[in-house]
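The structure appears below as structure tokens.
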Amino acid sequence: MRRLIELVALDKIDSDAIEALLDRAFGRDRHGRTAYRLRAGTEPIPGLSLAALDGGALVGTIQCWPVVFTADKGGAVPLTLLGPVAVEPGRQRDGIGRLLMTASLDAAVRERLDSAIMLIGDPEYYSRFFGFSAERTAGWRLPGPVERHRLLARGNAVPDGAGTIGPRLAISA
């Protein structure tokens with residue numbers, strides 16, 4: 001019998017346990033992915049990064065990161081990079097990922113960080129359940145390869161045009 005999933009701040013969880021879960025969910029070679037380059041040198045956004053516990057056992061995590069869009073025509077737009085969303089492989093059909101997504105996006109609204117959120121993921125899932133689309137991301141350049149249809153965003157401040165996405169090394173409060 002499954003217990004009620006408890007969500008806690010990610011920074012309350014041992015970092016080795018988080019890394020082990022990420023390895024199980026995505027493989028040990030995950031560090032070479034473009035999303036890792038996007039968040040290089042940054043720390044997860046505390047109020048949006050969560051862990052899911054079942055009876056005290058870590059069964060899922062979601063992390064959000066500060067990134068920035070630097071437009072070719074000048075100007076910069078801060079964005080929140082959502083992901084990875086990791087769920088224990090044996091629990092991936094239990095709704096834990098959706099629970100983490102909903103809680104993190106709700107926190108983004110409360111923290112006023114919801115005007116421009118991006119992720120790299122399955123367009124059918126993230127569009128259908130969370131309103132993400134690739135509508136405004138066609139001109140974005142990332143520090144590594146990305147399947148264009150998987151580069152998704154949502155929010156009223158999502159930039160539409162050519163520019164580069166990279167780590168945002170300082171967050172203003």
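Residues are named by chain letter and number: chains run A, B, ... in the order of the structure tokens, numbers start at 1 in each chain, and ligands are numbered from 1 in the order shown.
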Subject >> region 127-133 of chain A surroundings by only C-alpha atoms, 6 Å radius, close-in-sequence under 4 positions cut, as number ranges by chain >> reply: A: 123, 152-154
Export, as a PDB file, in the first residue's frame, the selected residues with N, CA and C atoms.
ATOM      1  N   PRO A 123       7.139  17.297 -25.642  1.00  0.00           N
ATOM      2  CA  PRO A 123       6.141  18.332 -25.918  1.00  0.00           C
ATOM      3  C   PRO A 123       4.699  17.869 -25.707  1.00  0.00           C
ATOM      4  N   LEU A 152      10.877  23.978 -24.819  1.00  0.00           N
ATOM      5  CA  LEU A 152       9.532  24.466 -24.523  1.00  0.00           C
ATOM      6  C   LEU A 152       9.569  25.597 -23.505  1.00  0.00           C
ATOM      7  N   ALA A 153       8.534  26.436 -23.543  1.00  0.00           N
ATOM      8  CA  ALA A 153       8.442  27.545 -22.589  1.00  0.00           C
ATOM      9  C   ALA A 153       6.980  27.900 -22.347  1.00  0.00           C
ATOM     10  N   ARG A 154       6.759  28.613 -21.254  1.00  0.00           N
ATOM     11  CA  ARG A 154       5.437  29.160 -20.955  1.00  0.00           C
ATOM     12  C   ARG A 154       5.614  30.407 -20.116  1.00  0.00           C
TER      13      ARG A 154
END
How close does region 55-137 of chain A get to region 166-169 of chain A? List, as a Markdown table, each residue of region 55-137 of chain A within 8 Å, its nearest atom pair and the distance in Å to one decimal, counting only C-alpha atoms.
| residue | atom | partner | partner_atom | distance |
| --- | --- | --- | --- | --- |
| A:Pro66 | CA | A:Arg168 | CA | 5.2 |
| A:Val67 | CA | A:Arg168 | CA | 4.3 |
| A:Val68 | CA | A:Arg168 | CA | 5.3 |
| A:Phe69 | CA | A:Gly166 | CA | 6.7 |
| A:Pro78 | CA | A:Arg168 | CA | 7.4 |
Since we have the selection now, will you write its residues out, keeping C-alpha atoms, as a compact mmCIF listing (two decimals), in the first residue's frame?
# COMPACT_ATOMS: atom_id res chain seq x y z
CA PRO A 66 18.14 30.61 -12.95
CA VAL A 67 18.96 31.12 -16.64
CA VAL A 68 18.91 34.14 -18.93
CA PHE A 69 17.96 34.81 -22.55
CA PRO A 78 15.59 36.18 -16.90
Original post:
How many Å lie between CA of Ala86 (chain A) and CA of Gly47 (chain A), rounded to one decimal?
Top reply: 17.3 Å
Subject >> Shell around region 100-117 of chain A at 6 Å using only C-alpha atoms, local window under 3 positions removed, as a count of residues only >> reply: 11
**OP:** With a distance cut-off of 8 Å and only C-alpha atoms, select the neighbouring residues of Arg24 (chain A), excluding the residue or stretch itself and same-chain residues fewer than 4 positions from it, and output the selection as a PyMOL selection string.
**Re:** chain A and resi 20+28+88-89
**OP:** Looking only at strand (DSSP E or B) from DSSP on the backbone, list the matching residues of region 96-125 of chain A as JSON, numbers by chain.
**Re:** {"A": [117, 118, 119, 120]}
Would you kindly return, as an mmCIF file with all heavy atoms, in the first residue's frame, each protein, DNA or RNA residue with an atom no farther than 7 Å from any atom of region 57-64 of chain A, considering only C-alpha atoms and excluding same-chain residues fewer than 2 positions away?
data_model
loop_
_atom_site.group_PDB
_atom_site.id
_atom_site.type_symbol
_atom_site.label_atom_id
_atom_site.label_comp_id
_atom_site.auth_asym_id
_atom_site.auth_seq_id
_atom_site.Cartn_x
_atom_site.Cartn_y
_atom_site.Cartn_z
ATOM 1 N N PRO A 44 20.262 25.499 -7.526
ATOM 2 C CA PRO A 44 18.813 25.397 -7.724
ATOM 3 C C PRO A 44 18.074 26.504 -6.967
ATOM 4 O O PRO A 44 18.521 26.943 -5.906
ATOM 5 C CB PRO A 44 18.447 24.027 -7.137
ATOM 6 C CG PRO A 44 19.724 23.275 -7.044
ATOM 7 C CD PRO A 44 20.815 24.291 -6.916
ATOM 8 N N ILE A 45 16.969 26.950 -7.514
ATOM 9 C CA ILE A 45 16.142 27.978 -6.867
ATOM 10 C C ILE A 45 15.422 27.311 -5.694
ATOM 11 O O ILE A 45 14.616 26.394 -5.895
ATOM 12 C CB ILE A 45 15.145 28.584 -7.867
ATOM 13 C CG1 ILE A 45 15.900 29.219 -9.040
ATOM 14 C CG2 ILE A 45 14.244 29.608 -7.164
ATOM 15 C CD1 ILE A 45 15.016 29.634 -10.204
ATOM 16 N N LEU A 48 11.455 26.564 -5.390
ATOM 17 C CA LEU A 48 10.857 25.819 -6.493
ATOM 18 C C LEU A 48 11.404 24.403 -6.630
ATOM 19 O O LEU A 48 10.861 23.599 -7.366
ATOM 20 C CB LEU A 48 11.083 26.553 -7.814
ATOM 21 C CG LEU A 48 10.181 27.735 -8.139
ATOM 22 C CD1 LEU A 48 10.197 28.816 -7.101
ATOM 23 C CD2 LEU A 48 10.517 28.298 -9.488
ATOM 24 N N SER A 49 12.499 24.116 -5.949
ATOM 25 C CA SER A 49 13.161 22.813 -6.059
ATOM 26 C C SER A 49 12.739 21.942 -4.886
ATOM 27 O O SER A 49 12.947 22.307 -3.730
ATOM 28 C CB SER A 49 14.676 23.011 -6.094
ATOM 29 O OG SER A 49 15.033 23.791 -7.224
ATOM 30 N N LEU A 50 12.139 20.795 -5.206
ATOM 31 C CA LEU A 50 11.466 19.982 -4.197
ATOM 32 C C LEU A 50 11.876 18.515 -4.288
ATOM 33 O O LEU A 50 12.347 18.050 -5.327
ATOM 34 C CB LEU A 50 9.951 20.071 -4.395
ATOM 35 C CG LEU A 50 9.344 21.475 -4.407
ATOM 36 C CD1 LEU A 50 7.914 21.428 -4.912
ATOM 37 C CD2 LEU A 50 9.426 22.082 -3.018
ATOM 38 N N ALA A 51 11.636 17.802 -3.189
ATOM 39 C CA ALA A 51 11.828 16.359 -3.144
ATOM 40 C C ALA A 51 10.512 15.711 -2.739
ATOM 41 O O ALA A 51 9.756 16.272 -1.938
ATOM 42 C CB ALA A 51 12.914 16.002 -2.144
ATOM 43 N N ALA A 52 10.258 14.540 -3.276
ATOM 44 C CA ALA A 52 9.085 13.746 -2.914
ATOM 45 C C ALA A 52 9.556 12.563 -2.080
ATOM 46 O O ALA A 52 10.460 11.827 -2.486
ATOM 47 C CB ALA A 52 8.367 13.256 -4.171
ATOM 48 N N LEU A 53 8.932 12.414 -0.905
ATOM 49 C CA LEU A 53 9.273 11.329 0.005
ATOM 50 C C LEU A 53 8.063 10.427 0.206
ATOM 51 O O LEU A 53 6.937 10.906 0.321
ATOM 52 C CB LEU A 53 9.705 11.890 1.364
ATOM 53 C CG LEU A 53 10.864 12.884 1.376
ATOM 54 C CD1 LEU A 53 11.086 13.421 2.780
ATOM 55 C CD2 LEU A 53 12.131 12.258 0.831
ATOM 56 N N ASP A 54 8.323 9.143 0.256
ATOM 57 C CA ASP A 54 7.292 8.162 0.575
ATOM 58 C C ASP A 54 7.789 7.378 1.785
ATOM 59 O O ASP A 54 8.750 6.606 1.666
ATOM 60 C CB ASP A 54 7.043 7.240 -0.618
ATOM 61 C CG ASP A 54 5.897 6.274 -0.380
ATOM 62 O OD1 ASP A 54 5.374 6.201 0.750
ATOM 63 O OD2 ASP A 54 5.521 5.574 -1.333
ATOM 64 N N GLY A 55 7.187 7.635 2.926
ATOM 65 C CA GLY A 55 7.642 6.985 4.144
ATOM 66 C C GLY A 55 9.082 7.316 4.481
ATOM 67 O O GLY A 55 9.806 6.494 5.010
ATOM 68 N N THR A 80 13.336 30.899 -15.783
ATOM 69 C CA THR A 80 13.517 29.777 -14.871
ATOM 70 C C THR A 80 13.578 28.511 -15.707
ATOM 71 O O THR A 80 12.670 28.248 -16.499
ATOM 72 C CB THR A 80 12.353 29.704 -13.867
ATOM 73 O OG1 THR A 80 12.337 30.896 -13.088
ATOM 74 C CG2 THR A 80 12.498 28.502 -12.952
ATOM 75 N N LEU A 81 14.665 27.764 -15.568
ATOM 76 C CA LEU A 81 14.805 26.478 -16.231
ATOM 77 C C LEU A 81 14.252 25.409 -15.297
ATOM 78 O O LEU A 81 14.758 25.226 -14.192
ATOM 79 C CB LEU A 81 16.279 26.186 -16.540
ATOM 80 C CG LEU A 81 16.603 24.773 -17.032
ATOM 81 C CD1 LEU A 81 15.939 24.487 -18.368
ATOM 82 C CD2 LEU A 81 18.108 24.594 -17.120
ATOM 83 N N LEU A 82 13.199 24.739 -15.721
ATOM 84 C CA LEU A 82 12.579 23.693 -14.929
ATOM 85 C C LEU A 82 13.148 22.346 -15.360
ATOM 86 O O LEU A 82 13.124 22.015 -16.528
ATOM 87 C CB LEU A 82 11.071 23.723 -15.140
ATOM 88 C CG LEU A 82 10.241 22.877 -14.190
ATOM 89 C CD1 LEU A 82 8.886 23.520 -13.993
ATOM 90 C CD2 LEU A 82 10.107 21.472 -14.687
ATOM 91 N N GLY A 83 13.688 21.620 -14.412
ATOM 92 C CA GLY A 83 14.203 20.288 -14.681
ATOM 93 C C GLY A 83 15.623 20.139 -14.169
ATOM 94 O O GLY A 83 16.313 21.128 -13.989
ATOM 95 N N PRO A 84 15.972 18.943 -13.868
ATOM 96 C CA PRO A 84 15.266 17.716 -14.181
ATOM 97 C C PRO A 84 14.138 17.397 -13.201
ATOM 98 O O PRO A 84 14.165 17.807 -12.048
ATOM 99 C CB PRO A 84 16.360 16.645 -14.065
ATOM 100 C CG PRO A 84 17.290 17.182 -13.029
ATOM 101 C CD PRO A 84 17.276 18.676 -13.235
ATOM 102 N N VAL A 85 13.163 16.668 -13.723
ATOM 103 C CA VAL A 85 12.123 16.054 -12.903
ATOM 104 C C VAL A 85 12.487 14.569 -12.893
ATOM 105 O O VAL A 85 12.436 13.917 -13.930
ATOM 106 C CB VAL A 85 10.715 16.241 -13.504
ATOM 107 C CG1 VAL A 85 9.671 15.587 -12.623
ATOM 108 C CG2 VAL A 85 10.413 17.710 -13.726
ATOM 109 N N ALA A 86 12.907 14.080 -11.738
ATOM 110 C CA ALA A 86 13.366 12.693 -11.630
ATOM 111 C C ALA A 86 12.453 11.920 -10.694
ATOM 112 O O ALA A 86 12.135 12.394 -9.610
ATOM 113 C CB ALA A 86 14.796 12.657 -11.102
ATOM 114 N N VAL A 87 12.052 10.742 -11.129
ATOM 115 C CA VAL A 87 11.220 9.867 -10.310
ATOM 116 C C VAL A 87 11.876 8.491 -10.294
ATOM 117 O O VAL A 87 12.382 8.015 -11.323
ATOM 118 C CB VAL A 87 9.780 9.782 -10.861
ATOM 119 C CG1 VAL A 87 8.947 8.776 -10.078
ATOM 120 C CG2 VAL A 87 9.123 11.160 -10.843
ATOM 121 N N GLU A 88 11.874 7.880 -9.130
ATOM 122 C CA GLU A 88 12.405 6.521 -8.985
ATOM 123 C C GLU A 88 11.820 5.665 -10.109
ATOM 124 O O GLU A 88 10.601 5.641 -10.303
ATOM 125 C CB GLU A 88 12.007 5.987 -7.612
ATOM 126 C CG GLU A 88 12.662 4.692 -7.239
ATOM 127 C CD GLU A 88 14.169 4.791 -7.109
ATOM 128 O OE1 GLU A 88 14.652 5.684 -6.379
ATOM 129 O OE2 GLU A 88 14.855 3.970 -7.746
ATOM 130 N N ILE A 96 3.895 10.885 -9.367
ATOM 131 C CA ILE A 96 4.840 11.666 -8.569
ATOM 132 C C ILE A 96 5.410 12.830 -9.380
ATOM 133 O O ILE A 96 5.529 13.945 -8.880
ATOM 134 C CB ILE A 96 5.960 10.759 -8.009
ATOM 135 C CG1 ILE A 96 5.348 9.727 -7.061
ATOM 136 C CG2 ILE A 96 7.039 11.581 -7.317
ATOM 137 C CD1 ILE A 96 6.281 8.589 -6.675
ATOM 138 N N LEU A 100 5.061 16.764 -8.438
ATOM 139 C CA LEU A 100 6.212 17.662 -8.315
ATOM 140 C C LEU A 100 6.084 18.863 -9.251
ATOM 141 O O LEU A 100 6.359 20.001 -8.860
ATOM 142 C CB LEU A 100 7.509 16.901 -8.602
ATOM 143 C CG LEU A 100 7.976 15.948 -7.516
ATOM 144 C CD1 LEU A 100 9.004 14.962 -8.068
ATOM 145 C CD2 LEU A 100 8.556 16.733 -6.338
#
Original post:
Any idea what the distance is between CA of Leu10 (chain A) and CA of Val77 (chain A)?
Top reply: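 If I compute the distance from CA of Leu10 (chain A) to CA of Val77 (chain A), I get 25.9 Å.
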Original post:
At what distance in Å, to one decimal, does CA of His149 (chain A) lie from CA of Gly121 (chain A)?
Top reply: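 So the answer is 8.7 Å.
Those residues of region 52-101 of chain A that DSSP, working from the backbone, places in helix (DSSP H, G or I) are Pro89, Gly90, Arg91, Ile96, Gly97, Arg98, Leu99, Leu100 and Met101 of chain A.
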**OP:** Rank nothing, just name the residue among A:Ala35, A:Ala71, A:Val8, A:Met118 nearest to Gly144 (chain A), using only C-alpha atoms.
**Re:**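 Nearest candidate to Gly144 (chain A) out of A:Ala35, A:Ala71, A:Val8, A:Met118: A:Ala35.
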Subject >> Nearest to Arg136 (chain A), chosen from A:Arg98, A:His31, A:Arg3, A:Arg148, with only C-alpha atoms counted in the distances >> reply: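 Answer, going by the shortest atom-to-atom distance: A:Arg148.
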